[in-house]
Structures are given as C-alpha cells and as structure tokens.
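K.L.:
So I've got this file, coords.cif, and it contains mmCIF, C-alpha atoms and all ligand atoms; chains and numbers go by the auth columns:
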data_run
#
loop_
_atom_site.group_PDB
_atom_site.id
_atom_site.type_symbol
_atom_site.label_atom_id
_atom_site.label_comp_id
_atom_site.label_asym_id
_atom_site.label_seq_id
_atom_site.Cartn_x
_atom_site.Cartn_y
_atom_site.Cartn_z
_atom_site.B_iso_or_equiv
_atom_site.auth_seq_id
_atom_site.auth_asym_id
ATOM 1 C CA MET A 1 0.596 -73.676 -19.026 0.00 1 S
ATOM 2 C CA SER A 2 2.120 -76.007 -16.491 0.00 2 S
ATOM 3 C CA SER A 3 1.894 -75.859 -12.738 0.00 3 S
ATOM 4 C CA SER A 4 3.981 -77.414 -10.022 0.00 4 S
ATOM 5 C CA ALA A 5 2.999 -78.293 -6.502 0.00 5 S
ATOM 6 C CA VAL A 6 5.338 -77.981 -3.536 0.00 6 S
ATOM 7 C CA GLU A 7 5.702 -81.301 -1.786 0.00 7 S
ATOM 8 C CA LEU A 8 5.064 -80.825 1.910 0.00 8 S
ATOM 9 C CA PRO A 9 7.156 -82.872 4.345 0.00 9 S
ATOM 10 C CA ARG A 10 5.408 -85.527 6.393 0.00 10 S
ATOM 11 C CA VAL A 11 6.341 -86.797 9.829 0.00 11 S
ATOM 12 C CA THR A 12 8.205 -90.053 9.207 0.00 12 S
ATOM 13 C CA GLY A 13 9.854 -90.672 12.553 0.00 13 S
ATOM 14 C CA THR A 14 9.503 -90.137 16.248 0.00 14 S
ATOM 15 C CA CYS A 15 11.148 -87.806 18.737 0.00 15 S
ATOM 16 C CA PRO A 16 11.746 -88.633 22.411 0.00 16 S
ATOM 17 C CA PRO A 17 8.694 -87.284 24.304 0.00 17 S
ATOM 18 C CA LEU A 18 10.795 -85.685 27.049 0.00 18 S
ATOM 19 C CA LEU A 19 12.781 -83.761 24.455 0.00 19 S
ATOM 20 C CA THR A 20 9.657 -82.625 22.641 0.00 20 S
ATOM 21 C CA ALA A 21 8.091 -81.546 25.933 0.00 21 S
ATOM 22 C CA ALA A 22 11.183 -79.547 26.878 0.00 22 S
ATOM 23 C CA VAL A 23 11.175 -77.748 23.523 0.00 23 S
ATOM 24 C CA ARG A 24 7.457 -77.049 23.897 0.00 24 S
ATOM 25 C CA ARG A 25 8.011 -75.416 27.289 0.00 25 S
ATOM 26 C CA ALA A 26 10.843 -73.329 25.860 0.00 26 S
ATOM 27 C CA VAL A 27 8.764 -72.136 22.921 0.00 27 S
ATOM 28 C CA ARG A 28 5.655 -71.364 24.965 0.00 28 S
ATOM 29 C CA ALA A 29 7.661 -69.198 27.366 0.00 29 S
ATOM 30 C CA GLY A 30 7.461 -66.466 24.730 0.00 30 S
ATOM 31 C CA GLY A 31 9.825 -63.562 24.143 0.00 31 S
ATOM 32 C CA SER A 32 11.917 -62.666 21.123 0.00 32 S
ATOM 33 C CA TRP A 33 13.158 -65.148 18.550 0.00 33 S
ATOM 34 C CA GLN A 34 16.631 -64.957 20.056 0.00 34 S
ATOM 35 C CA GLN A 35 15.313 -65.552 23.550 0.00 35 S
ATOM 36 C CA THR A 36 13.321 -68.516 22.267 0.00 36 S
ATOM 37 C CA ALA A 37 16.354 -69.937 20.482 0.00 37 S
ATOM 38 C CA ASP A 38 18.416 -69.555 23.653 0.00 38 S
ATOM 39 C CA ARG A 39 15.819 -71.441 25.680 0.00 39 S
ATOM 40 C CA VAL A 40 15.531 -74.202 23.078 0.00 40 S
ATOM 41 C CA VAL A 41 19.337 -74.566 23.190 0.00 41 S
ATOM 42 C CA GLU A 42 18.991 -75.178 26.917 0.00 42 S
ATOM 43 C CA ALA A 43 16.152 -77.630 26.262 0.00 43 S
ATOM 44 C CA LEU A 44 18.295 -79.710 23.913 0.00 44 S
ATOM 45 C CA ARG A 45 21.417 -79.482 26.022 0.00 45 S
ATOM 46 C CA GLY A 46 21.723 -82.759 27.881 0.00 46 S
ATOM 47 C CA ARG A 47 18.711 -84.215 26.099 0.00 47 S
ATOM 48 C CA LEU A 48 20.154 -84.919 22.669 0.00 48 S
ATOM 49 C CA PRO A 49 19.261 -88.437 21.540 0.00 49 S
ATOM 50 C CA GLY A 50 21.719 -90.738 19.839 0.00 50 S
ATOM 51 C CA PRO A 51 21.686 -91.264 16.078 0.00 51 S
ATOM 52 C CA GLY A 52 19.627 -94.414 16.741 0.00 52 S
ATOM 53 C CA ILE A 53 16.590 -92.150 16.694 0.00 53 S
ATOM 54 C CA LEU A 54 16.647 -93.062 12.985 0.00 54 S
ATOM 55 C CA SER A 55 16.512 -96.483 11.375 0.00 55 S
ATOM 56 C CA ALA A 56 19.618 -98.123 9.937 0.00 56 S
ATOM 57 C CA GLU A 57 18.260 -97.486 6.471 0.00 57 S
ATOM 58 C CA GLN A 58 17.793 -93.782 7.207 0.00 58 S
ATOM 59 C CA LEU A 59 21.255 -93.543 8.758 0.00 59 S
ATOM 60 C CA ALA A 60 22.816 -94.759 5.512 0.00 60 S
ATOM 61 C CA GLY A 61 22.044 -91.389 3.947 0.00 61 S
ATOM 62 C CA GLY A 62 21.572 -90.857 0.243 0.00 62 S
ATOM 63 C CA PRO A 63 23.942 -90.542 -2.707 0.00 63 S
ATOM 64 C CA ASP A 64 22.381 -87.376 -4.090 0.00 64 S
ATOM 65 C CA GLY A 65 22.592 -85.098 -1.070 0.00 65 S
ATOM 66 C CA TYR A 66 21.903 -84.961 2.617 0.00 66 S
ATOM 67 C CA ARG A 67 18.608 -86.462 3.745 0.00 67 S
ATOM 68 C CA THR A 68 16.049 -84.876 6.056 0.00 68 S
ATOM 69 C CA HIS A 69 13.620 -86.795 8.248 0.00 69 S
ATOM 70 C CA LEU A 70 10.818 -84.933 9.976 0.00 70 S
ATOM 71 C CA VAL A 71 10.335 -86.439 13.441 0.00 71 S
ATOM 72 C CA HIS A 72 7.936 -83.935 15.006 0.00 72 S
ATOM 73 C CA ALA A 73 5.569 -81.166 13.919 0.00 73 S
ATOM 74 C CA GLU A 74 3.939 -79.350 16.814 0.00 74 S
ATOM 75 C CA PRO A 75 0.140 -79.320 16.289 0.00 75 S
ATOM 76 C CA ASP A 76 -0.130 -75.578 16.922 0.00 76 S
ATOM 77 C CA GLY A 77 2.460 -74.891 14.206 0.00 77 S
ATOM 78 C CA SER A 78 4.992 -73.324 16.548 0.00 78 S
ATOM 79 C CA PHE A 79 7.950 -75.628 15.829 0.00 79 S
ATOM 80 C CA SER A 80 9.190 -78.625 13.897 0.00 80 S
ATOM 81 C CA ILE A 81 12.023 -81.076 14.573 0.00 81 S
ATOM 82 C CA VAL A 82 13.975 -82.769 11.801 0.00 82 S
ATOM 83 C CA VAL A 83 16.984 -85.088 11.775 0.00 83 S
ATOM 84 C CA MET A 84 19.458 -84.777 8.910 0.00 84 S
ATOM 85 C CA VAL A 85 21.879 -87.413 7.628 0.00 85 S
ATOM 86 C CA TRP A 86 24.981 -86.318 5.777 0.00 86 S
ATOM 87 C CA ARG A 87 27.400 -88.481 3.875 0.00 87 S
ATOM 88 C CA PRO A 88 30.995 -87.196 3.697 0.00 88 S
ATOM 89 C CA GLY A 89 31.242 -84.067 1.592 0.00 89 S
ATOM 90 C CA GLN A 90 27.515 -83.405 1.405 0.00 90 S
ATOM 91 C CA ARG A 91 26.502 -79.816 2.022 0.00 91 S
ATOM 92 C CA THR A 92 23.661 -77.338 2.058 0.00 92 S
ATOM 93 C CA PRO A 93 23.470 -74.459 -0.362 0.00 93 S
ATOM 94 C CA VAL A 94 24.198 -71.032 1.105 0.00 94 S
ATOM 95 C CA HIS A 95 20.917 -70.061 2.727 0.00 95 S
ATOM 96 C CA ASP A 96 19.149 -68.290 5.552 0.00 96 S
ATOM 97 C CA HIS A 97 16.019 -69.084 7.504 0.00 97 S
ATOM 98 C CA LEU A 98 12.463 -67.893 7.998 0.00 98 S
ATOM 99 C CA THR A 99 12.707 -68.003 11.757 0.00 99 S
ATOM 100 C CA TRP A 100 14.854 -69.126 14.693 0.00 100 S
ATOM 101 C CA CYS A 101 16.694 -72.421 14.457 0.00 101 S
ATOM 102 C CA VAL A 102 18.507 -74.636 16.953 0.00 102 S
ATOM 103 C CA THR A 103 20.870 -77.424 15.902 0.00 103 S
ATOM 104 C CA GLY A 104 22.286 -80.353 17.841 0.00 104 S
ATOM 105 C CA VAL A 105 24.948 -82.619 16.333 0.00 105 S
ATOM 106 C CA LEU A 106 24.246 -86.288 17.104 0.00 106 S
ATOM 107 C CA GLN A 107 27.119 -87.923 15.226 0.00 107 S
ATOM 108 C CA GLY A 108 30.184 -86.705 13.348 0.00 108 S
ATOM 109 C CA THR A 109 31.137 -83.077 12.883 0.00 109 S
ATOM 110 C CA GLU A 110 29.279 -80.409 10.950 0.00 110 S
ATOM 111 C CA TYR A 111 31.337 -77.585 9.572 0.00 111 S
ATOM 112 C CA GLU A 112 29.581 -74.254 9.143 0.00 112 S
ATOM 113 C CA LEU A 113 30.625 -71.193 7.169 0.00 113 S
ATOM 114 C CA VAL A 114 28.833 -67.950 8.068 0.00 114 S
ATOM 115 C CA TYR A 115 28.468 -65.007 5.683 0.00 115 S
ATOM 116 C CA ALA A 116 27.661 -61.331 5.983 0.00 116 S
ATOM 117 C CA ASN A 117 25.570 -59.824 3.203 0.00 117 S
ATOM 118 C CA ARG A 118 27.563 -56.885 1.781 0.00 118 S
ATOM 119 C CA GLY A 119 24.892 -55.978 -0.748 0.00 119 S
ATOM 120 C CA ASP A 120 26.683 -56.987 -3.931 0.00 120 S
ATOM 121 C CA HIS A 121 28.433 -59.996 -2.461 0.00 121 S
ATOM 122 C CA LEU A 122 28.582 -62.337 0.491 0.00 122 S
ATOM 123 C CA GLU A 123 31.599 -62.107 2.764 0.00 123 S
ATOM 124 C CA PRO A 124 32.658 -65.131 4.861 0.00 124 S
ATOM 125 C CA VAL A 125 32.949 -63.878 8.424 0.00 125 S
ATOM 126 C CA ALA A 126 33.095 -66.938 10.637 0.00 126 S
ATOM 127 C CA ARG A 127 33.604 -70.665 10.611 0.00 127 S
ATOM 128 C CA ASN A 128 32.322 -73.127 13.170 0.00 128 S
ATOM 129 C CA ALA A 129 33.310 -76.770 13.614 0.00 129 S
ATOM 130 C CA ASN A 130 30.454 -78.403 15.489 0.00 130 S
ATOM 131 C CA PRO A 131 31.232 -81.909 16.759 0.00 131 S
ATOM 132 C CA ALA A 132 28.783 -84.408 18.244 0.00 132 S
ATOM 133 C CA GLY A 133 27.265 -82.938 21.380 0.00 133 S
ATOM 134 C CA THR A 134 27.263 -79.362 20.089 0.00 134 S
ATOM 135 C CA VAL A 135 24.026 -77.440 20.490 0.00 135 S
ATOM 136 C CA SER A 136 23.754 -74.028 18.857 0.00 136 S
ATOM 137 C CA GLY A 137 20.949 -71.639 18.063 0.00 137 S
ATOM 138 C CA PHE A 138 20.323 -68.421 16.178 0.00 138 S
ATOM 139 C CA ALA A 139 17.617 -66.062 15.086 0.00 139 S
ATOM 140 C CA PRO A 140 17.431 -64.059 11.852 0.00 140 S
ATOM 141 C CA PRO A 141 18.416 -61.652 10.466 0.00 141 S
ATOM 142 C CA GLY A 142 22.092 -62.197 9.739 0.00 142 S
ATOM 143 C CA ASP A 143 21.939 -65.982 9.555 0.00 143 S
ATOM 144 C CA ILE A 144 23.339 -66.606 6.073 0.00 144 S
ATOM 145 C CA HIS A 145 25.346 -69.819 6.219 0.00 145 S
ATOM 146 C CA GLU A 146 26.188 -73.145 4.665 0.00 146 S
ATOM 147 C CA VAL A 147 26.851 -76.466 6.367 0.00 147 S
ATOM 148 C CA THR A 148 29.108 -79.294 5.204 0.00 148 S
ATOM 149 C CA ASN A 149 30.012 -82.723 6.531 0.00 149 S
ATOM 150 C CA THR A 150 33.789 -82.513 6.283 0.00 150 S
ATOM 151 C CA GLY A 151 34.356 -85.785 8.133 0.00 151 S
ATOM 152 C CA ASP A 152 35.087 -89.250 6.803 0.00 152 S
ATOM 153 C CA GLY A 153 31.868 -90.807 8.056 0.00 153 S
ATOM 154 C CA ILE A 154 28.144 -90.175 8.287 0.00 154 S
ATOM 155 C CA ALA A 155 27.123 -87.060 10.217 0.00 155 S
ATOM 156 C CA VAL A 156 23.727 -86.789 11.878 0.00 156 S
ATOM 157 C CA SER A 157 22.137 -83.656 13.308 0.00 157 S
ATOM 158 C CA MET A 158 18.854 -82.573 14.858 0.00 158 S
ATOM 159 C CA HIS A 159 17.308 -79.231 13.859 0.00 159 S
ATOM 160 C CA VAL A 160 14.467 -77.455 15.616 0.00 160 S
ATOM 161 C CA TYR A 161 12.766 -74.722 13.569 0.00 161 S
ATOM 162 C CA GLY A 162 10.330 -72.121 14.822 0.00 162 S
ATOM 163 C CA THR A 163 7.795 -72.931 12.144 0.00 163 S
ATOM 164 C CA ASP A 164 5.766 -75.889 10.947 0.00 164 S
ATOM 165 C CA ILE A 165 7.441 -77.204 7.827 0.00 165 S
ATOM 166 C CA THR A 166 4.504 -79.507 7.130 0.00 166 S
ATOM 167 C CA ARG A 167 2.687 -76.266 6.250 0.00 167 S
ATOM 168 C CA VAL A 168 5.389 -73.993 4.820 0.00 168 S
ATOM 169 C CA ALA A 169 7.417 -76.811 3.179 0.00 169 S
ATOM 170 C CA SER A 170 10.808 -75.488 4.265 0.00 170 S
ATOM 171 C CA SER A 171 12.507 -73.489 6.994 0.00 171 S
ATOM 172 C CA VAL A 172 14.679 -71.820 4.377 0.00 172 S
ATOM 173 C CA ARG A 173 13.966 -68.195 3.525 0.00 173 S
ATOM 174 C CA ARG A 174 16.386 -67.813 0.633 0.00 174 S
ATOM 175 C CA VAL A 175 19.016 -69.818 -1.214 0.00 175 S
ATOM 176 C CA TYR A 176 21.951 -67.707 -2.414 0.00 176 S
ATOM 177 C CA ALA A 177 24.133 -68.118 -5.449 0.00 177 S
ATOM 178 C CA PRO A 178 27.474 -69.746 -4.639 0.00 178 S
ATOM 179 C CA PRO A 179 29.594 -67.011 -3.046 0.00 179 S
ATOM 180 C CA ALA A 180 33.148 -66.107 -3.847 0.00 180 S
ATOM 181 C CA PRO A 181 35.752 -68.457 -2.384 0.00 181 S
ATOM 182 C CA LEU A 182 37.558 -67.210 0.667 0.00 182 S
ATOM 183 C CA THR A 183 40.077 -64.486 -0.021 0.00 183 S
ATOM 184 C CA HIS A 184 41.225 -63.973 3.539 0.00 184 S
ATOM 185 C CA PRO A 185 41.588 -66.101 6.651 0.00 185 S
ATOM 186 C CA VAL A 186 38.391 -66.553 8.606 0.00 186 S
ATOM 187 C CA PRO A 187 38.725 -67.538 12.254 0.00 187 S
ATOM 188 C CA LEU A 188 37.605 -71.024 13.170 0.00 188 S
ATOM 189 C CA GLN A 189 35.422 -70.908 16.249 0.00 189 S
ATOM 190 C CA THR A 190 34.774 -73.866 18.527 0.00 190 S
ATOM 191 C CA PRO A 191 32.728 -72.331 20.106 0.00 191 S
ATOM 192 C CA PRO A 192 32.479 -68.779 18.673 0.00 192 S
ATOM 193 C CA ALA A 193 34.755 -66.398 20.526 0.00 193 S
ATOM 194 C CA LEU A 194 33.256 -63.500 22.395 0.00 194 S
ATOM 195 C CA GLY A 195 33.006 -60.452 20.188 0.00 195 S
ATOM 196 C CA ALA A 196 33.761 -62.408 17.023 0.00 196 S
ATOM 197 C CA PRO A 197 31.800 -61.656 13.867 0.00 197 S
ATOM 198 C CA THR A 198 29.256 -64.419 13.899 0.00 198 S
ATOM 199 C CA LEU A 199 25.573 -65.057 14.214 0.00 199 S
ATOM 200 C CA ALA A 200 23.751 -64.082 17.335 0.00 200 S
ATOM 201 C CA ARG A 201 24.306 -67.626 18.447 0.00 201 S
ATOM 202 C CA THR A 202 24.276 -69.655 21.581 0.00 202 S
ATOM 203 C CA THR A 203 26.642 -72.595 21.435 0.00 203 S
ATOM 204 C CA ASP A 204 27.504 -75.372 23.819 0.00 204 S
ATOM 205 C CA ILE A 205 30.098 -77.965 22.917 0.00 205 S
ATOM 206 C CA SER A 206 30.722 -81.242 24.664 0.00 206 S
ATOM 207 C CA PRO A 207 33.002 -83.069 24.255 0.00 207 S
ATOM 208 C CA ALA A 208 36.024 -81.207 22.913 0.00 208 S
ATOM 209 C CA THR A 209 36.789 -81.434 19.212 0.00 209 S
ATOM 210 C CA ALA A 210 39.614 -81.386 16.747 0.00 210 S
ATOM 211 C CA PRO A 211 38.532 -78.790 14.158 0.00 211 S
ATOM 212 C CA PRO A 212 38.953 -79.523 10.458 0.00 212 S
ATOM 213 C CA PRO A 213 41.793 -77.769 8.646 0.00 213 S
ATOM 214 C CA ALA A 214 41.058 -74.400 7.128 0.00 214 S
ATOM 215 C CA THR A 215 41.065 -74.164 3.362 0.00 215 S
ATOM 216 C CA ILE A 216 41.662 -70.771 1.807 0.00 216 S
ATOM 217 C CA HIS A 217 40.770 -70.558 -1.873 0.00 217 S
ATOM 218 C CA PRO A 218 41.913 -68.013 -4.477 0.00 218 S
ATOM 219 C CA ALA A 219 39.789 -64.972 -5.127 0.00 219 S
ATOM 220 C CA ARG A 220 36.755 -64.813 -7.374 0.00 220 S
ATOM 221 C CA PRO A 221 35.171 -61.433 -8.252 0.00 221 S
ATOM 222 C CA THR A 222 31.681 -61.416 -6.743 0.00 222 S
ATOM 223 C CA ALA A 223 28.727 -63.587 -5.905 0.00 223 S
ATOM 224 C CA SER A 224 25.383 -61.981 -5.284 0.00 224 S
ATOM 225 C CA PRO A 225 22.361 -63.268 -3.466 0.00 225 S
ATOM 226 C CA SER A 226 20.068 -64.152 -6.323 0.00 226 S
ATOM 227 C CA SER A 227 17.703 -67.025 -6.015 0.00 227 S
ATOM 228 C CA LEU A 228 14.523 -67.154 -4.032 0.00 228 S
ATOM 229 C CA ALA A 229 14.286 -70.873 -4.580 0.00 229 S
ATOM 230 C CA ARG A 230 13.683 -72.866 -1.456 0.00 230 S
ATOM 231 C CA ASN A 231 15.463 -75.972 -0.399 0.00 231 S
ATOM 232 C CA PRO A 232 12.622 -78.382 0.384 0.00 232 S
ATOM 233 C CA ARG A 233 14.883 -80.503 2.528 0.00 233 S
ATOM 234 C CA THR A 234 15.637 -78.029 5.278 0.00 234 S
HETATM 235 FE FE FE B . 20.535 -73.608 7.983 0.00 301 O
#
Now, as a test, write the supplied structure out as structure tokens.
Ligand SMILES: [Fe+2]

P.N.:
Amino acid sequence: MSSSAVELPRVTGTCPPLLTAAVRRAVRAGGSWQQTADRVVEALRGRLPGPGILSAEQLAGGPDGYRTHLVHAEPDGSFSIVVMVWRPGQRTPVHDHLTWCVTGVLQGTEYELVYANRGDHLEPVARNANPAGTVSGFAPPGDIHEVTNTGDGIAVSMHVYGTDITRVASSVRRVYAPPAPLTHPVPLQTPPALGAPTLARTTDISPATAPPPATIHPARPTASPSSLARNPRT
C-alpha cells in the first residue's frame, strides 16, 4: 500500500513590511469574512508593490503552469500572502476557496470567469478583466471561478488568503471538472456593475483598462463539479 504526502509551501520571498502590517490590522479588526475581505482590499489599495517583489528568475514564470511564491505566512495562521506569475495563456482550474481571498494585479491583466453552481452543471455568470492596479476581494460561498492570463506578456498578481497555506497546503477548497463552454453572452465587468450576477466582491481598478475580447464557444451538454483534488499552487 502506497502513501503520498502533501508538500506544504514554504516562505520563499519577502513582502513589504508596511503592506503586511496593513493586512494584519485589517484581519485583526474582526467581523465576517466579507467584512475582512473588504478591509484587506482597502489595505492593499495604494500599497501594491511592483512586480520587482520577485527575482528576475521568478518573474520568468514556468513552462508547465503558473508559478506561486509564498512571501508571507502570518505566525498566528490568520493569513498568507502569495505572488503568482503567469505566462501568456496559463490558467487555473475552475475552483473555489476555503476562506476569503483578496487579489491585486501587479503586472499584466488577469481575466476571470465566474460560475454559479446549478447542481448538475456550472453556469458562467460573470467575467472580469483585471488589469494592473486592480484590487478585488471575495468571501465564500459562491466563489467558483477560473483565472487566465489572456495577455501577450507575463502577468503577476498578489493574493492574500485568510488561512495559513504553510499548514493547510492550499487555499483551494475544491477543483471542478472543466465546465461547459459558454452558450450565451456573459457581461464583461471592469469593475463589476452594480446588481450584476457576480461574487460578493469589492473591486477597485486603477488605471483604466482595455478588456480582452469576449469569446463565445458552442454548447456542450453538462459539466459537473466532481473532483475534491486540491491545487497545491494556490
Ligand atoms: Fe481563486
């Protein structure tokens, strides 16, 4: 009988102390996950570092998928900060999260597709084009999404998770089977419009962006949430 061990991430970089301190204050203020995410959005807003927070070697990315670099794990386990590097076309699987999450785009544009779980299938309900300078946050449930670098160059983003991934290995709650391609137009939000079907999300965008073109694919019957496998990189 074989066994496998989950590889736990290690801190391999550094995070600006003022940014870490601001996140710590936001987290320790308490309240609901959504309230915490909203405060962490404010903490990152105006404090996002440049992509130079990583080394040139790290910023090159990897050929086999986006790379994640853990730059801070709060000692009390209340949050972690990672920086991700995406080569053009690299993407996450469709997934959701264990806890609140706040994202800041440091370079390039990240394109996000948001799904609603309809029981027997996932329905795309919103799209977000998040250029450099965007800070957005959300809290589960209802946070099923996938992220892609649709640009021509390297994209870099900072992610703050309300858990310690050096202990739980990943912020991801569930990875879903690839959903059906889009069968109907889904509004592109930059930022999400009021009242639009999207995550309970706080978004700030600066500067303005040119969103990527929408691609509508032909129909495919169904795609059900299936796998409980975790993505160790997020
Ligand atoms: Fe995510």

K.L.:
For ligand FE 301 (chain O), return the neighbouring residues as number ranges by chain (distance at most 8 Å; all atoms listed in the file).

P.N.:
S: 92, 95-97, 101, 143-147, 172, 234

K.L.:
Could you tell me, as a short mmCIF file (atom, residue, chain, number, x, y, z; two decimals) with C-alpha atoms, in the coordinates of the input, exactly which residues end up selected when the PyMOL selection byres (((chain S and resi 108) around 9) and not hetatm) is applied to this structure?

P.N.:
data_model
loop_
_atom_site.label_atom_id
_atom_site.label_comp_id
_atom_site.auth_asym_id
_atom_site.auth_seq_id
_atom_site.Cartn_x
_atom_site.Cartn_y
_atom_site.Cartn_z
CA VAL S 105 24.95 -82.62 16.33
CA LEU S 106 24.25 -86.29 17.10
CA GLN S 107 27.12 -87.92 15.23
CA THR S 109 31.14 -83.08 12.88
CA GLU S 110 29.28 -80.41 10.95
CA ASN S 130 30.45 -78.40 15.49
CA PRO S 131 31.23 -81.91 16.76
CA ALA S 132 28.78 -84.41 18.24
CA ASN S 149 30.01 -82.72 6.53
CA THR S 150 33.79 -82.51 6.28
CA GLY S 151 34.36 -85.78 8.13
CA ASP S 152 35.09 -89.25 6.80
CA GLY S 153 31.87 -90.81 8.06
CA ILE S 154 28.14 -90.18 8.29
CA ALA S 155 27.12 -87.06 10.22
CA VAL S 156 23.73 -86.79 11.88
CA SER S 157 22.14 -83.66 13.31
#

K.L.:
Quick one: residues within 7 Å of S:Thr148, only C-alpha atoms, excluding same-chain residues fewer than 5 positions away - as an MDAnalysis selection string?

P.N.:
chainID S and resid 89:92 110:112

K.L.:
Of the residues S:Val186, S:Ala26, S:Asp76, S:Ala21, which is the one nearest to S:Ala126, using only C-alpha atoms?

P.N.:
S:Val186

K.L.:
Can you measure atom CA of S:Asn128 to atom CA of S:Val114 for me? One decimal in Å is fine.

P.N.:
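Those two atoms sit 8.1 Å apart.
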
K.L.:
For a quick check of your reading of the model, name the residues lying within 10 Å of the coordinate (5.8, -77.3, 17.6), counting only C-alpha atoms, and write them as a PyMOL selection string.

P.N.:
chain S and resi 20-21+23-24+27-28+72-81+160-165

K.L.:
Stretch 52-55 of chain S: which residues within 9 Å, counting all atoms listed in the file, same-chain residues fewer than 6 positions away excluded, as a list in words?

P.N.:
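So the residues in contact are Gly13, Thr14, Cys15, Pro16, His69 and Val83 of chain S.
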
K.L.:
To one decimal place in Å, what is the distance between atom CA of S:Arg25 and atom CA of S:Thr103?

P.N.:
17.3 Å

K.L.:
Compute the distance from (19.3, -75.6, 21.8) to each atom, counting all atoms listed in the file, keep the residues with any atom at most 9 Å away, and return them as a ChimeraX atom specification; use the coordinates of the file.

P.N.:
/S:23,37-45,101-104,134-137,159-160,202-204
